[in-house]
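Below is one structure, written out as structure tokens, with a few remarks after it.
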Amino acid sequence: MSDTLHSKPEQSPEEIAAALRAEAEKRWGPERAEGLASVIEETAGNIWRVSHSELAPEDEPDFYSQ
């Protein structure tokens with residue numbers, strides 16, 4: 001996996017998308033990367049949201065059951 005895919009808290013969703021796009025182009029070529037543009041944008045937004053989410057110590061994963 002490329003070092004460009006390690007997101008940093010200071011990255012914007014656009015910067016994350018650019019890194020994902022570059023990696024997609026490297027792996028599958030520019031035509032396929034263009035076809036994945038909407039998925040890349042959505043994924044970048046999700047990565048950004050998760051990286052900026054605060055979890056309280058009492059928050060449990062969704063898969064946890066008692």
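Residue names in the structure tokens use chain letters A, B, ... in the order shown, residue numbers from 1 in each chain, and ligand numbers from 1 in the order shown.
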Would you mind writing down, as a ChimeraX atom specification, each residue of chain A that DSSP on the backbone assigns to helix (DSSP H, G or I)? /A:3-5,13-28,30-35,37-51
Just the residues within 9 Å of A:Ile16, please, counting only C-alpha atoms, with nothing from its chain fewer than 3 positions along; format it as JSON, numbers by chain. {"A": [4, 5, 6, 7, 8, 11, 12, 13, 19, 20, 21, 41, 43, 44, 45, 47, 48]}
